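**Q** This is the structure I want to talk about, given as structure tokens.
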Amino acid sequence: MADSTPAFGAGALTMPPRMEVNLEDCEVEGTIPSEIDGAFVRVGAEWYYPPKYADDAILNADGYISSFRISNGKVDYKGRWVETHRLKEQRKARKQIYGYYRNPYTDDKDIQDPEHPNLRTVSNTAPLTHAGKLFTLKEDGLPHEIDPNTLQTIGPWDFHGKWKSETFSAHPKLDPLTGEMVSFGYEATGLCSDDLWIYTVGPNGQVSNEVRTKVPYVSVIHDMALTHRHVVIPFGGYVTSKQRLLDGKIHWGWDQNQPSYIGVMPRDGDPKDMRWFKGPERCMMHTFNAHSEGNKVILYAPFYDGNFFPFFPPIDGSPWDPRKARSFIRKITLDLDSKKDTYEEEILWPNPIMDLGKVDPRVLSLQTRYLFAPFNDESKPFDRSKAPNGPARVTNSYGRFDITTGKMESVFAGATHSLAEQTFIPTGTSGREGEGYLIGVASNFAERRSELIIADAERLHEGVIARVLLPFTAASQVHGEWSNARALGLS
Ligand SMILES: [Fe+2]
């Protein structure tokens, strides 16, 4: 929601606020370094009309894109709906006509179209800048191209007809050395299909390679990792079937008896080169990074022990277990010389984090030293007397986790604040890993508004160096990215 006073569901209103925002010259506390010139673009999920089913996943809400354009220490904020086919159909009908998350059989009868599930995409998960274009992404449909200056939606993008998968991951990986993008689509040929198609797109935006392979079982494949030699595909636990959808259920259930899998394939490989390593019950949502060391692939990832999402219920009828919904920084070793079909795993820090990790994009696919992630520092206060409506679980800090030394440094957002995912802004001319800034949005629950916070990523202990104070609660964010002004031709 662009302005949530009063918030949907919290007051007397039954319709969500559906505003778009254009706020020039936002209030800034502190000083934004002049070397920061670009846009912090965020994508999130907001209901244009209330959901048809109260127990639906928030992941099914409509896409909303927002940006903080930063230049010469000044900030302009914009927020727009992503104009998907689905949003246009809702607007025509003037009501919610779509049913459960990724189940077209629960849509209003007159619009049901299970042969074209990607027309239901809400494009609400992540922004992507590649080859001079800006996109919004969601794993159940094609990217939507967005005008980077106005945030108006241009439309779905199929890479000049060469992206044949019906779906496109929300987490493609950009190779900083070659400028290539590697991405994939799962359920690539329709609802519940076991087709996983992996693509390389050149720095010119043209598809240069396609590999069509299959998965051991159909599951959420939310993220991937890339090394300079290998593609890494992790998943586990979530299951679906045509019958499940015909029964009117939400797309995914959790099967605690299913193994987790991590696929490894050479970047120039073909389907027979894909090797699947097996492991115990895990919810594998996001990765930090991976690199190749001889014939081993080392993956850093903040995986959960078990099901993170309460709205994707266990298929055995047991209650959702919050104790397993904890994410830890894990180092996973995949040995391509080994005859075993299992992977090795080590937890690097004992305390749980929030699973929204990032690395300096200049080391993506290469050996990493620093992992950045939000977490709750329990030694810091949350002042419930000033913020009685604050969430039960707060995320109050961004951390820099140093793999080489085992040390962690952090920055605290405030005693009435909770943070969304951080994004890394690389700066400097040396190319030194970790030189730059962390940027992210905090909800200030005492003042019922949002603040953009910026910290020096090499001096987190010195605290927040600048805050952009919005006079309202900003639209929610699943993921964000930083694009410098030149990459997107920003005015
Ligand atoms: Fe994600």
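FYI, nothing fancy with the structure tokens labels: chains A, B, ... in order, residues from 1 per chain, ligands from 1 as they appear.
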Write as a ChimeraX atom specification the residues around ligand 1, taking 10 Å as the cut-off and counting only C-alpha atoms and all ligand atoms.
**A** /A:125-126,137-139,169-171,222-223,285-287,355-357,478-480
**Q** Suppose we keep C-alpha atoms; can you now write the selection as an mmCIF file, in the first residue's frame?
**A**
```
data_model
loop_
_atom_site.group_PDB
_atom_site.id
_atom_site.type_symbol
_atom_site.label_atom_id
_atom_site.label_comp_id
_atom_site.auth_asym_id
_atom_site.auth_seq_id
_atom_site.Cartn_x
_atom_site.Cartn_y
_atom_site.Cartn_z
ATOM 1 C CA THR A 125 8.797 -10.537 -6.172
ATOM 2 C CA ALA A 126 11.951 -8.818 -7.388
ATOM 3 C CA LEU A 137 9.827 -10.724 -11.762
ATOM 4 C CA LYS A 138 7.827 -13.579 -10.317
ATOM 5 C CA GLU A 139 8.584 -17.246 -10.762
ATOM 6 C CA SER A 169 12.822 -17.140 -11.943
ATOM 7 C CA ALA A 170 12.651 -14.150 -9.579
ATOM 8 C CA HIS A 171 16.368 -14.647 -8.853
ATOM 9 C CA HIS A 222 12.859 -20.046 -5.847
ATOM 10 C CA ASP A 223 16.534 -19.164 -6.237
ATOM 11 C CA MET A 285 14.532 -20.255 -0.513
ATOM 12 C CA HIS A 286 17.544 -17.986 -1.103
ATOM 13 C CA THR A 287 21.276 -18.226 -1.676
ATOM 14 C CA ASP A 355 16.671 -15.293 5.074
ATOM 15 C CA LEU A 356 17.275 -12.348 2.732
ATOM 16 C CA GLY A 357 21.007 -12.423 2.211
ATOM 17 C CA VAL A 478 9.915 -8.653 -1.071
ATOM 18 C CA HIS A 479 13.204 -7.833 -2.822
ATOM 19 C CA GLY A 480 15.101 -4.774 -3.972
#
```
**Q** Applying 12 Å and only C-alpha atoms, which residues near Lys74 (chain A) remain after dropping the ones on its own chain fewer than 5 positions away? List them as an MDAnalysis selection string.
**A** chainID A and resid 23:39 68:69 466:469
**Q** I need the residue nearest Ser165 (chain A) from this list: A:Leu134, A:Leu59, A:Thr129, A:Asn118. Use only C-alpha atoms for the distance.
**A**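 The shortest atom-to-atom distance to Ser165 (chain A) comes from A:Asn118.
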**Q** Nearest to Ile97 (chain A): which of A:Asn72, A:Thr84, A:Gln112, A:Thr416 is it, counting only C-alpha atoms?
**A** A:Gln112
**Q** Taking the backbone alone, and naming residues the way the document does, which bits of region 138-376 of chain A are helix (DSSP H, G or I) by DSSP, as a PyMOL selection string?
**A** chain A and resi 242-246+271-273+322-324+361-363
**Q** How about saving the chosen residues, N, CA and C atoms kept, as a tab-separated table (two decimals), in the first residue's frame?
**A**
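Okay, this is what ended up in result39.tsv:
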```tsv
chain	number	residue	atom	x	y	z
A	242	LYS	N	-1.56	-31.96	-10.04
A	242	LYS	CA	-2.78	-31.52	-10.71
A	242	LYS	C	-4.00	-31.79	-9.83
A	243	GLN	N	-4.00	-33.00	-9.18
A	243	GLN	CA	-5.14	-33.36	-8.35
A	243	GLN	C	-5.31	-32.38	-7.19
A	244	ARG	N	-4.18	-31.98	-6.61
A	244	ARG	CA	-4.23	-31.01	-5.50
A	244	ARG	C	-4.91	-29.72	-5.96
A	245	LEU	N	-4.58	-29.29	-7.18
A	245	LEU	CA	-5.17	-28.06	-7.69
A	245	LEU	C	-6.66	-28.26	-8.00
A	246	LEU	N	-6.99	-29.42	-8.61
A	246	LEU	CA	-8.40	-29.71	-8.90
A	246	LEU	C	-9.22	-29.80	-7.62
A	271	PRO	N	21.66	-31.50	-20.65
A	271	PRO	CA	20.83	-32.13	-19.61
A	271	PRO	C	21.49	-33.32	-18.91
A	272	LYS	N	22.27	-34.12	-19.63
A	272	LYS	CA	22.86	-35.31	-19.00
A	272	LYS	C	23.95	-34.93	-18.00
A	273	ASP	N	24.43	-33.70	-18.03
A	273	ASP	CA	25.47	-33.27	-17.09
A	273	ASP	C	24.91	-32.80	-15.75
A	322	PRO	N	6.73	-23.65	13.86
A	322	PRO	CA	7.58	-22.45	13.77
A	322	PRO	C	9.03	-22.72	14.16
A	323	ARG	N	9.30	-23.78	14.92
A	323	ARG	CA	10.69	-24.05	15.33
A	323	ARG	C	11.56	-24.42	14.15
A	324	LYS	N	10.93	-24.97	13.11
A	324	LYS	CA	11.72	-25.34	11.91
A	324	LYS	C	11.83	-24.18	10.92
A	361	PRO	N	27.76	-7.48	-5.41
A	361	PRO	CA	27.54	-8.09	-6.73
A	361	PRO	C	28.82	-8.25	-7.55
A	362	ARG	N	29.90	-7.56	-7.16
A	362	ARG	CA	31.16	-7.70	-7.88
A	362	ARG	C	31.82	-9.06	-7.64
A	363	VAL	N	31.39	-9.79	-6.59
A	363	VAL	CA	31.98	-11.12	-6.34
A	363	VAL	C	30.99	-12.25	-6.60
```
**Q** Using only C-alpha atoms, find each residue of region 73-186 of chain A with at least one atom at most 9 Å away from an atom of region 50-57 of chain A; report its shortest atom-to-atom pair and that distance in Å (one decimal), sort the rows by chain and rising residue number, and return the result as a Markdown table.
**A**
```
| residue | atom | partner | partner_atom | distance |
| --- | --- | --- | --- | --- |
| A:Lys95 | CA | A:Pro50 | CA | 8.4 |
| A:Gln96 | CA | A:Lys52 | CA | 6.4 |
| A:Ile97 | CA | A:Lys52 | CA | 7.4 |
| A:Tyr98 | CA | A:Lys52 | CA | 6.9 |
| A:Gly99 | CA | A:Lys52 | CA | 5.7 |
| A:Tyr100 | CA | A:Asp56 | CA | 5.8 |
| A:Tyr101 | CA | A:Ala57 | CA | 6.3 |
| A:Asp107 | CA | A:Lys52 | CA | 8.8 |
```
**Q** How about saving the chosen residues, N, CA and C atoms kept, as a compact mmCIF listing (two decimals), in the first residue's frame?
**A**
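Okay, this is what ended up in result_39.txt:
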```
# COMPACT_ATOMS: atom_id res chain seq x y z
N LYS A 95 -13.55 -6.02 -9.21
CA LYS A 95 -13.54 -6.89 -8.03
C LYS A 95 -12.43 -7.94 -8.18
N GLN A 96 -12.18 -8.63 -7.10
CA GLN A 96 -11.23 -9.75 -7.13
C GLN A 96 -11.88 -10.92 -7.87
N ILE A 97 -11.22 -11.42 -8.88
CA ILE A 97 -11.79 -12.56 -9.63
C ILE A 97 -10.84 -13.76 -9.64
N TYR A 98 -9.67 -13.58 -9.00
CA TYR A 98 -8.67 -14.65 -8.98
C TYR A 98 -8.65 -15.34 -7.62
N GLY A 99 -8.45 -16.66 -7.66
CA GLY A 99 -8.48 -17.46 -6.43
C GLY A 99 -7.11 -17.67 -5.84
N TYR A 100 -6.90 -18.87 -5.31
CA TYR A 100 -5.69 -19.17 -4.54
C TYR A 100 -4.40 -19.01 -5.36
N TYR A 101 -3.33 -18.84 -4.59
CA TYR A 101 -1.98 -18.76 -5.15
C TYR A 101 -1.72 -19.90 -6.12
N ASP A 107 -10.25 -19.72 -9.63
CA ASP A 107 -10.65 -18.40 -10.14
C ASP A 107 -12.15 -18.40 -10.45
```
**Q** Pick out the closest residue to Ile298 (chain A) from this set: A:Glu346, A:Glu481, A:Glu378, A:Glu409. Count only C-alpha atoms.
**A**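 That would be A:Glu346, the residue with the smallest distance to Ile298 (chain A).
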**Q** Which is closest to Tyr77 (chain A) among A:Leu366, A:Leu419, A:Ala475, A:Ile146, if we use only C-alpha atoms?
**A** A:Ala475
**Q** Apply DSSP to the backbone of this structure and, from region 71-223 of chain A, keep only the residues in strand (DSSP E); write these as a ChimeraX atom specification.
**A** /A:71,74-81,126-130,133-137,144-146,153-156,173-174,181-186,195-201,207-214
**Q** What's around Trp349 (chain A) at 9 Å? Count only C-alpha atoms, leave out sequence neighbours fewer than 4 positions away in its own chain, and write the answer as a PyMOL selection string.
**A** chain A and resi 328-330+401+406
**Q** What does the file look like for those residues with C-alpha atoms, as a short mmCIF file (atom, residue, chain, number, x, y, z; two decimals), in the first residue's frame?
**A**
```cif
data_model
loop_
_atom_site.label_atom_id
_atom_site.label_comp_id
_atom_site.auth_asym_id
_atom_site.auth_seq_id
_atom_site.Cartn_x
_atom_site.Cartn_y
_atom_site.Cartn_z
CA PHE A 328 20.88 -20.20 9.46
CA ILE A 329 23.94 -19.27 7.41
CA ARG A 330 25.05 -22.57 5.91
CA PHE A 401 29.24 -11.77 8.35
CA GLY A 406 34.14 -15.47 11.70
#
```
**Q** Can you tell me, as a short mmCIF file (atom, residue, chain, number, x, y, z; two decimals) with C-alpha atoms, in the first residue's frame, what residues are no more than 6 Å from region 181-188 of chain A when counting only C-alpha atoms, ignoring any on the same chain fewer than 4 positions away?
**A**
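Listed below is the output, result.cif:
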```cif
data_model
loop_
_atom_site.label_atom_id
_atom_site.label_comp_id
_atom_site.auth_asym_id
_atom_site.auth_seq_id
_atom_site.Cartn_x
_atom_site.Cartn_y
_atom_site.Cartn_z
CA SER A 165 9.78 -21.41 -20.84
CA GLU A 166 6.39 -20.14 -19.67
CA THR A 167 8.05 -19.01 -16.43
CA PHE A 168 11.12 -17.04 -15.34
CA SER A 169 12.82 -17.14 -11.94
CA PRO A 172 18.46 -14.70 -12.02
CA LYS A 173 22.19 -14.27 -11.47
CA LEU A 174 24.36 -11.68 -13.17
CA CYS A 192 2.83 -28.89 -12.26
CA SER A 193 5.15 -29.83 -15.16
CA ASP A 194 8.53 -31.27 -14.19
CA ASP A 195 10.35 -29.23 -16.85
CA LEU A 196 13.24 -27.07 -15.72
CA TRP A 197 14.71 -24.92 -18.51
CA ILE A 198 17.92 -23.03 -17.88
CA TYR A 199 19.02 -20.07 -20.01
CA THR A 200 22.00 -17.83 -20.55
CA VAL A 201 21.30 -14.31 -21.79
#
```
**Q** Just the residues within 12 Å of Asp360 (chain A), please, counting only C-alpha atoms, with nothing from its chain fewer than 2 positions along; format it as a compact mmCIF listing (two decimals) with N, CA and C atoms, in the first residue's frame.
**A**
```txt
# COMPACT_ATOMS: atom_id res chain seq x y z
N LEU A 174 23.61 -12.48 -12.21
CA LEU A 174 24.36 -11.68 -13.17
C LEU A 174 25.85 -11.92 -12.95
N ASP A 175 26.53 -12.36 -14.00
CA ASP A 175 27.97 -12.62 -13.91
C ASP A 175 28.72 -11.30 -14.07
N PRO A 176 29.45 -10.86 -13.02
CA PRO A 176 30.10 -9.55 -13.10
C PRO A 176 31.27 -9.52 -14.08
N PHE A 288 23.21 -16.98 -0.89
CA PHE A 288 24.11 -15.82 -0.88
C PHE A 288 24.95 -15.82 -2.17
N ASN A 289 25.71 -16.92 -2.33
CA ASN A 289 26.66 -16.98 -3.44
C ASN A 289 27.24 -18.39 -3.50
N GLY A 357 19.59 -12.76 2.26
CA GLY A 357 21.01 -12.42 2.21
C GLY A 357 21.44 -11.84 0.88
N LYS A 358 22.51 -11.07 0.94
CA LYS A 358 23.10 -10.48 -0.27
C LYS A 358 24.62 -10.53 -0.15
N ARG A 362 29.90 -7.56 -7.16
CA ARG A 362 31.16 -7.70 -7.88
C ARG A 362 31.82 -9.06 -7.64
N VAL A 363 31.39 -9.79 -6.59
CA VAL A 363 31.98 -11.12 -6.34
C VAL A 363 30.99 -12.25 -6.60
N LEU A 364 29.85 -11.92 -7.19
CA LEU A 364 28.90 -12.98 -7.49
C LEU A 364 29.56 -14.00 -8.43
N SER A 365 29.42 -15.24 -8.12
CA SER A 365 30.00 -16.39 -8.85
C SER A 365 31.45 -16.66 -8.45
N LEU A 366 32.03 -15.81 -7.60
CA LEU A 366 33.44 -15.95 -7.18
C LEU A 366 33.50 -16.18 -5.67
N GLN A 367 34.72 -16.47 -5.18
CA GLN A 367 34.88 -16.67 -3.74
C GLN A 367 34.47 -15.41 -2.99
N THR A 368 33.67 -15.60 -1.93
CA THR A 368 33.10 -14.48 -1.19
C THR A 368 33.73 -14.37 0.18
N ARG A 369 33.93 -13.15 0.68
CA ARG A 369 34.33 -13.01 2.08
C ARG A 369 33.16 -12.54 2.95
N TYR A 370 32.38 -11.61 2.43
CA TYR A 370 31.34 -10.98 3.27
C TYR A 370 29.93 -11.38 2.84
N LEU A 371 29.14 -11.81 3.82
CA LEU A 371 27.72 -12.08 3.59
C LEU A 371 26.93 -11.03 4.37
N PHE A 372 25.94 -10.43 3.73
CA PHE A 372 25.11 -9.42 4.38
C PHE A 372 23.71 -9.99 4.58
N ALA A 373 23.17 -9.79 5.79
CA ALA A 373 21.83 -10.32 6.06
C ALA A 373 21.17 -9.56 7.20
N ARG A 400 27.06 -7.78 8.75
CA ARG A 400 28.08 -8.21 7.78
C ARG A 400 28.81 -9.38 8.41
N GLN A 422 18.09 -5.85 3.04
CA GLN A 422 19.07 -4.83 2.64
C GLN A 422 19.54 -5.07 1.21
N THR A 423 20.03 -4.00 0.60
CA THR A 423 20.67 -4.10 -0.72
C THR A 423 22.04 -3.47 -0.62
N PHE A 424 22.99 -4.01 -1.39
CA PHE A 424 24.36 -3.50 -1.35
C PHE A 424 24.59 -2.57 -2.54
N ILE A 425 25.15 -1.38 -2.25
CA ILE A 425 25.53 -0.43 -3.31
C ILE A 425 27.04 -0.46 -3.43
N PRO A 426 27.59 -1.04 -4.51
CA PRO A 426 29.05 -1.07 -4.65
C PRO A 426 29.56 0.32 -5.05
N THR A 427 30.64 0.76 -4.40
CA THR A 427 31.23 2.05 -4.78
C THR A 427 32.75 1.89 -4.82
N GLY A 431 37.55 -1.78 -6.57
CA GLY A 431 36.90 -3.08 -6.76
C GLY A 431 37.01 -3.96 -5.53
N ARG A 432 37.41 -3.37 -4.38
CA ARG A 432 37.56 -4.14 -3.15
C ARG A 432 36.21 -4.67 -2.71
N GLU A 433 36.12 -5.98 -2.43
CA GLU A 433 34.86 -6.56 -1.98
C GLU A 433 34.38 -5.88 -0.71
N GLY A 434 33.14 -5.49 -0.69
CA GLY A 434 32.53 -4.92 0.51
C GLY A 434 32.62 -3.42 0.60
N GLU A 435 33.31 -2.76 -0.37
CA GLU A 435 33.39 -1.31 -0.35
C GLU A 435 32.10 -0.75 -0.93
N GLY A 436 31.32 -0.07 -0.09
CA GLY A 436 30.05 0.45 -0.56
C GLY A 436 29.12 0.70 0.61
N TYR A 437 27.84 0.65 0.33
CA TYR A 437 26.83 1.01 1.34
C TYR A 437 25.75 -0.07 1.40
N LEU A 438 25.16 -0.20 2.58
CA LEU A 438 23.93 -0.98 2.71
C LEU A 438 22.77 -0.01 2.74
N ALA A 457 29.04 0.13 4.49
CA ALA A 457 29.13 -1.33 4.68
C ALA A 457 30.44 -1.76 5.32
N GLU A 458 31.47 -0.89 5.29
CA GLU A 458 32.74 -1.22 5.95
C GLU A 458 32.83 -0.61 7.34
N GLU A 481 16.81 -3.95 -5.48
CA GLU A 481 18.14 -3.96 -6.09
C GLU A 481 18.59 -2.52 -6.28
N TRP A 482 19.88 -2.36 -6.42
CA TRP A 482 20.45 -1.05 -6.72
C TRP A 482 20.84 -1.00 -8.18
```
**Q** As an exercise, work out the distance from CA of Tyr64 (chain A) to CA of Thr153 (chain A) in Å and give it to one decimal place.
**A** 10.5 Å
**Q** Could you give me, as number ranges by chain, the residues within 12 Å of Gly306 (chain A), counting only C-alpha atoms and dropping anything in the same chain fewer than 6 positions from it?
**A** A: 235-238, 254-260, 280-285, 312-314, 320-328
**Q** Could the residues in this selection be written to a file with N, CA and C atoms, as a short mmCIF file (atom, residue, chain, number, x, y, z; two decimals), in the first residue's frame?
**A**
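Below is the file that was written, selection20.cif:
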```cif
data_model
loop_
_atom_site.label_atom_id
_atom_site.label_comp_id
_atom_site.auth_asym_id
_atom_site.auth_seq_id
_atom_site.Cartn_x
_atom_site.Cartn_y
_atom_site.Cartn_z
N PHE A 235 16.43 -26.95 -4.09
CA PHE A 235 15.00 -26.93 -3.72
C PHE A 235 14.70 -28.03 -2.71
N GLY A 236 13.52 -27.95 -2.11
CA GLY A 236 13.14 -29.03 -1.20
C GLY A 236 11.82 -28.80 -0.51
N GLY A 237 11.11 -29.92 -0.25
CA GLY A 237 9.99 -29.91 0.69
C GLY A 237 8.62 -29.59 0.12
N TYR A 238 8.51 -28.56 -0.70
CA TYR A 238 7.19 -28.18 -1.21
C TYR A 238 6.79 -29.13 -2.33
N TRP A 254 3.53 -28.90 2.14
CA TRP A 254 4.86 -29.26 2.62
C TRP A 254 4.89 -30.74 2.96
N ASP A 255 5.87 -31.44 2.40
CA ASP A 255 6.03 -32.87 2.68
C ASP A 255 7.37 -33.05 3.40
N GLN A 256 7.29 -33.25 4.72
CA GLN A 256 8.53 -33.31 5.51
C GLN A 256 9.36 -34.56 5.19
N ASN A 257 8.75 -35.51 4.48
CA ASN A 257 9.49 -36.73 4.13
C ASN A 257 10.25 -36.63 2.81
N GLN A 258 10.05 -35.54 2.09
CA GLN A 258 10.78 -35.38 0.83
C GLN A 258 12.20 -34.89 1.12
N PRO A 259 13.18 -35.46 0.42
CA PRO A 259 14.54 -34.94 0.58
C PRO A 259 14.67 -33.56 -0.06
N SER A 260 15.70 -32.82 0.35
CA SER A 260 16.07 -31.62 -0.39
C SER A 260 17.05 -32.04 -1.49
N PRO A 280 18.76 -33.75 3.77
CA PRO A 280 17.59 -33.91 4.63
C PRO A 280 16.54 -32.83 4.37
N GLU A 281 15.43 -32.90 5.13
CA GLU A 281 14.37 -31.89 5.05
C GLU A 281 14.98 -30.50 5.17
N ARG A 282 14.74 -29.65 4.18
CA ARG A 282 15.20 -28.26 4.20
C ARG A 282 14.25 -27.42 3.37
N CYS A 283 14.05 -26.19 3.79
CA CYS A 283 13.35 -25.21 2.96
C CYS A 283 14.42 -24.30 2.36
N MET A 284 14.61 -24.41 1.06
CA MET A 284 15.72 -23.73 0.39
C MET A 284 15.17 -22.57 -0.43
N MET A 285 15.10 -21.40 0.20
CA MET A 285 14.53 -20.26 -0.51
C MET A 285 15.61 -19.44 -1.23
N PHE A 312 1.48 -22.49 3.33
CA PHE A 312 1.65 -23.71 2.53
C PHE A 312 1.70 -24.88 3.53
N PRO A 313 0.54 -25.43 3.87
CA PRO A 313 0.45 -26.32 5.04
C PRO A 313 1.06 -27.70 4.80
N PRO A 314 1.48 -28.36 5.89
CA PRO A 314 1.95 -29.75 5.77
C PRO A 314 0.87 -30.64 5.16
N TRP A 320 1.69 -26.41 11.33
CA TRP A 320 2.94 -25.75 10.92
C TRP A 320 3.84 -25.61 12.15
N ASP A 321 5.12 -25.90 11.99
CA ASP A 321 6.04 -25.90 13.13
C ASP A 321 7.00 -24.70 13.04
N PRO A 322 6.73 -23.65 13.86
CA PRO A 322 7.58 -22.45 13.77
C PRO A 322 9.03 -22.72 14.16
N ARG A 323 9.30 -23.78 14.92
CA ARG A 323 10.69 -24.05 15.33
C ARG A 323 11.56 -24.42 14.15
N LYS A 324 10.93 -24.97 13.11
CA LYS A 324 11.72 -25.34 11.91
C LYS A 324 11.83 -24.18 10.92
N ALA A 325 11.08 -23.10 11.20
CA ALA A 325 11.07 -21.97 10.25
C ALA A 325 12.18 -20.97 10.60
N ARG A 326 13.33 -21.50 10.95
CA ARG A 326 14.46 -20.64 11.30
C ARG A 326 15.57 -20.82 10.28
N SER A 327 16.15 -19.69 9.90
CA SER A 327 17.16 -19.71 8.85
C SER A 327 18.55 -19.51 9.45
N PHE A 328 19.49 -20.31 8.99
CA PHE A 328 20.88 -20.20 9.46
C PHE A 328 21.81 -20.04 8.26
#
```
**Q** With a distance cut-off of 9 Å and only C-alpha atoms, select the neighbouring residues of Arg229 (chain A), excluding the residue or stretch itself and same-chain residues fewer than 2 positions from it, and output the selection as a VMD selection string.
**A** chain A and resid 226 to 227 231 265 to 268 291 to 292 365
**Q** Nearest to Ser385 (chain A): which of A:Phe445, A:Glu180, A:Glu421, A:His251 is it, counting only C-alpha atoms?
**A**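 So, comparing all the options, the nearest one is A:Phe445.
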**Q** Looking at A:Gly263, A:Gly489, A:Gly141, A:Pro203, which one is nearest to Gly155 (chain A), with distances taken over only C-alpha atoms?
**A**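 Under the stated criterion, the closest residue is A:Gly141.
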**Q** State, in Å with one decimal place, the distance from CA of Gln206 (chain A) to CA of Arg102 (chain A).
**A** 29.0 Å
